[in-house]
Amino acid sequence: MIYSLDQLDIIALKITDHLEDHKVICVNGDMGVGKTTLIKKVGEFLGVSDEIHSPTFAIVNEYHCSDKQLIYHFDFYRIINVLEAVNLGIEDYFYSNYLCFIEWPEKINTLLPEKYLNINIKLISDSKRDISFESYDRRK
């Protein structure tokens, strides 16, 4: 579905509808397409008061929601191999029952849990994006 940037609230709200069933959310797209912007908007709906920014160098940021829940935000763009994510304790995060948003999930594809929400963002123009999402469950 193609959305203009002023419709970002609609997309973020649709994503929040899936968070009860999905704790791991993979956000895919080219550099600069708006992955972090979308995560910021979802965070706003979840009551995050912290500033949300891409953890490009830190690899993971932690945010607190208004309901005392946590959100982990990962950016795996700079990792060289999956061992870096393993050493970070990625599985502990994935199975913590807190939300985990992942930018550049293809870098750790073999470590993803059996169930996750996959979001794809493609640039259409400066003000429009094609955003789709689907649930993955490898147990089925």
# chains A, B, ... in the order shown; residues from 1 in each chain; ligands from 1

call {"tool": "residues_around", "arguments": {"residues": "range 10-23 of chain A", "least_positions_apart": "6", "cutoff": "8 Å", "atoms": "only C-alpha atoms", "output": "PyMOL selection string"}}
result
chain A and resi 38-39+41-42+45+94+97-100+115-117

call {"tool": "residues_around", "arguments": {"residues": "Thr37 in chain A", "least_positions_apart": "3", "cutoff": "9 Å", "atoms": "only C-alpha atoms", "output": "short mmCIF file (atom, residue, chain, number, x, y, z; two decimals) with C-alpha atoms, in the first residue's frame"}}
result
data_model
loop_
_atom_site.label_atom_id
_atom_site.label_comp_id
_atom_site.auth_asym_id
_atom_site.auth_seq_id
_atom_site.Cartn_x
_atom_site.Cartn_y
_atom_site.Cartn_z
CA LEU A 8 2.35 7.88 8.91
CA VAL A 33 13.72 5.25 3.51
CA GLY A 34 12.22 6.00 6.94
CA LYS A 40 9.53 6.72 16.29
CA LYS A 41 5.88 7.07 15.33
CA VAL A 42 4.98 3.64 16.76
CA ILE A 52 13.99 7.62 19.64
CA HIS A 53 16.97 7.59 17.31
#

call {"tool": "select_by_dssp", "arguments": {"residues": "range 27-70 of chain A", "states": "helix (DSSP H, G or I)", "output": "list in words"}}
result
Lys35, Thr36, Thr37, Leu38, Ile39, Lys40, Lys41, Val42, Gly43, Glu44 and Phe45 of chain A

call {"tool": "write_last_selection", "arguments": {"atoms": "C-alpha atoms", "output": "mmCIF file, in the first residue's frame"}}
result
data_model
loop_
_atom_site.group_PDB
_atom_site.id
_atom_site.type_symbol
_atom_site.label_atom_id
_atom_site.label_comp_id
_atom_site.auth_asym_id
_atom_site.auth_seq_id
_atom_site.Cartn_x
_atom_site.Cartn_y
_atom_site.Cartn_z
ATOM 1 C CA LYS A 35 12.714 2.904 9.099
ATOM 2 C CA THR A 36 13.622 4.882 12.211
ATOM 3 C CA THR A 37 10.925 7.461 11.490
ATOM 4 C CA LEU A 38 8.306 4.716 11.469
ATOM 5 C CA ILE A 39 9.664 3.232 14.707
ATOM 6 C CA LYS A 40 9.528 6.717 16.290
ATOM 7 C CA LYS A 41 5.882 7.066 15.327
ATOM 8 C CA VAL A 42 4.981 3.638 16.756
ATOM 9 C CA GLY A 43 6.873 4.612 19.917
ATOM 10 C CA GLU A 44 4.771 7.752 20.236
ATOM 11 C CA PHE A 45 1.592 5.644 20.185
#

call {"tool": "select_by_dssp", "arguments": {"residues": "chain A", "states": "strand (DSSP E)", "output": "NGL selection string"}}
result
:A and (2-4 or 24-28 or 60-64 or 70-75 or 99-103 or 115-125 or 128-137)

call {"tool": "write_last_selection", "arguments": {"atoms": "N, CA and C atoms", "output": "CSV table (one decimal), in the first residue's frame"}}
result
chain,number,residue,atom,x,y,z
A,2,ILE,N,0.5,2.2,-0.8
A,2,ILE,CA,1.3,3.4,-0.9
A,2,ILE,C,0.7,4.5,0.0
A,3,TYR,N,1.6,5.1,0.8
A,3,TYR,CA,1.2,6.1,1.8
A,3,TYR,C,2.0,7.3,1.7
A,4,SER,N,1.4,8.4,1.9
A,4,SER,CA,2.2,9.7,2.0
A,4,SER,C,2.7,9.9,3.4
A,24,VAL,N,8.7,-9.3,18.2
A,24,VAL,CA,9.9,-9.0,17.3
A,24,VAL,C,9.3,-8.4,16.0
A,25,ILE,N,9.8,-7.2,15.7
A,25,ILE,CA,9.3,-6.5,14.5
A,25,ILE,C,10.5,-6.2,13.6
A,26,CYS,N,10.6,-6.8,12.4
A,26,CYS,CA,11.7,-6.5,11.5
A,26,CYS,C,11.3,-5.4,10.6
A,27,VAL,N,12.1,-4.3,10.5
A,27,VAL,CA,11.8,-3.2,9.6
A,27,VAL,C,12.9,-3.2,8.5
A,28,ASN,N,12.4,-3.5,7.3
A,28,ASN,CA,13.3,-3.6,6.1
A,28,ASN,C,13.2,-2.4,5.2
A,60,VAL,N,22.0,-1.2,20.0
A,60,VAL,CA,20.7,-1.4,20.6
A,60,VAL,C,20.5,-0.1,21.5
A,61,ASN,N,19.2,0.4,21.4
A,61,ASN,CA,18.8,1.4,22.4
A,61,ASN,C,17.6,0.8,23.1
A,62,GLU,N,17.4,1.3,24.3
A,62,GLU,CA,16.3,0.9,25.2
A,62,GLU,C,15.4,2.1,25.4
A,63,TYR,N,14.1,1.9,25.3
A,63,TYR,CA,13.1,3.0,25.5
A,63,TYR,C,12.1,2.5,26.5
A,64,HIS,N,11.6,3.4,27.3
A,64,HIS,CA,10.5,3.1,28.3
A,64,HIS,C,9.2,3.6,27.8
A,70,LEU,N,9.1,-2.1,28.1
A,70,LEU,CA,10.4,-1.7,27.4
A,70,LEU,C,10.3,-1.9,25.9
A,71,ILE,N,11.0,-1.1,25.2
A,71,ILE,CA,11.2,-1.4,23.7
A,71,ILE,C,12.7,-1.4,23.5
A,72,TYR,N,13.1,-2.4,22.8
A,72,TYR,CA,14.5,-2.5,22.3
A,72,TYR,C,14.5,-2.2,20.9
A,73,HIS,N,15.4,-1.3,20.5
A,73,HIS,CA,15.5,-0.9,19.1
A,73,HIS,C,17.0,-1.2,18.6
A,74,PHE,N,17.0,-2.1,17.6
A,74,PHE,CA,18.3,-2.6,17.1
A,74,PHE,C,18.6,-2.1,15.7
A,75,ASP,N,19.9,-1.8,15.5
A,75,ASP,CA,20.3,-1.4,14.1
A,75,ASP,C,21.6,-2.3,13.8
A,99,LEU,N,9.0,-5.6,23.4
A,99,LEU,CA,9.1,-5.3,21.9
A,99,LEU,C,10.5,-5.1,21.5
A,100,CYS,N,10.8,-5.7,20.4
A,100,CYS,CA,12.1,-5.6,19.7
A,100,CYS,C,11.9,-5.1,18.3
A,101,PHE,N,12.3,-3.9,18.0
A,101,PHE,CA,12.3,-3.4,16.6
A,101,PHE,C,13.7,-3.6,16.0
A,102,ILE,N,13.8,-4.2,14.8
A,102,ILE,CA,15.1,-4.5,14.2
A,102,ILE,C,15.2,-3.8,12.9
A,103,GLU,N,16.2,-3.0,12.7
A,103,GLU,CA,16.6,-2.4,11.4
A,103,GLU,C,17.7,-3.3,10.9
A,115,LYS,N,8.7,-16.6,15.2
A,115,LYS,CA,7.5,-15.7,15.0
A,115,LYS,C,8.0,-14.3,15.0
A,116,TYR,N,7.6,-13.5,14.0
A,116,TYR,CA,7.9,-12.1,14.0
A,116,TYR,C,7.1,-11.4,12.9
A,117,LEU,N,7.0,-10.1,13.1
A,117,LEU,CA,6.3,-9.2,12.1
A,117,LEU,C,7.3,-8.6,11.2
A,118,ASN,N,7.1,-8.7,9.9
A,118,ASN,CA,8.1,-8.2,8.9
A,118,ASN,C,7.4,-7.0,8.2
A,119,ILE,N,8.1,-5.9,8.3
A,119,ILE,CA,7.6,-4.6,7.6
A,119,ILE,C,8.6,-4.3,6.5
A,120,ASN,N,8.1,-4.0,5.4
A,120,ASN,CA,8.9,-3.6,4.2
A,120,ASN,C,8.6,-2.2,3.8
A,121,ILE,N,9.6,-1.3,3.7
A,121,ILE,CA,9.3,0.1,3.2
A,121,ILE,C,10.1,0.3,2.0
A,122,LYS,N,9.4,0.8,0.9
A,122,LYS,CA,10.1,1.1,-0.3
A,122,LYS,C,9.8,2.6,-0.7
A,123,LEU,N,10.8,3.3,-1.1
A,123,LEU,CA,10.7,4.7,-1.5
A,123,LEU,C,10.0,4.7,-2.9
A,124,ILE,N,8.9,5.6,-2.9
A,124,ILE,CA,8.2,5.8,-4.1
A,124,ILE,C,8.6,7.2,-4.6
A,125,SER,N,8.6,8.2,-3.7
A,125,SER,CA,9.0,9.6,-4.0
A,125,SER,C,9.4,10.2,-2.7
A,128,LYS,N,6.3,9.8,-0.5
A,128,LYS,CA,5.5,8.6,-0.6
A,128,LYS,C,6.3,7.4,-0.4
A,129,ARG,N,5.8,6.4,0.3
A,129,ARG,CA,6.4,5.1,0.6
A,129,ARG,C,5.4,4.0,0.3
A,130,ASP,N,5.9,2.9,-0.1
A,130,ASP,CA,5.1,1.7,-0.2
A,130,ASP,C,5.5,0.9,1.0
A,131,ILE,N,4.5,0.7,1.9
A,131,ILE,CA,4.7,0.0,3.2
A,131,ILE,C,3.8,-1.2,3.3
A,132,SER,N,4.4,-2.4,3.5
A,132,SER,CA,3.7,-3.6,3.7
A,132,SER,C,4.2,-4.3,4.9
A,133,PHE,N,3.3,-5.1,5.5
A,133,PHE,CA,3.8,-5.9,6.6
A,133,PHE,C,3.0,-7.2,6.6
A,134,GLU,N,3.7,-8.3,7.1
A,134,GLU,CA,3.2,-9.6,7.1
A,134,GLU,C,3.8,-10.3,8.3
A,135,SER,N,3.0,-11.2,8.8
A,135,SER,CA,3.4,-12.1,10.0
A,135,SER,C,4.1,-13.3,9.5
A,136,TYR,N,5.2,-13.6,10.2
A,136,TYR,CA,6.0,-14.9,9.9
A,136,TYR,C,5.9,-15.7,11.1
A,137,ASP,N,5.6,-17.0,10.8
A,137,ASP,CA,5.6,-18.0,11.9
A,137,ASP,C,6.2,-19.3,11.3
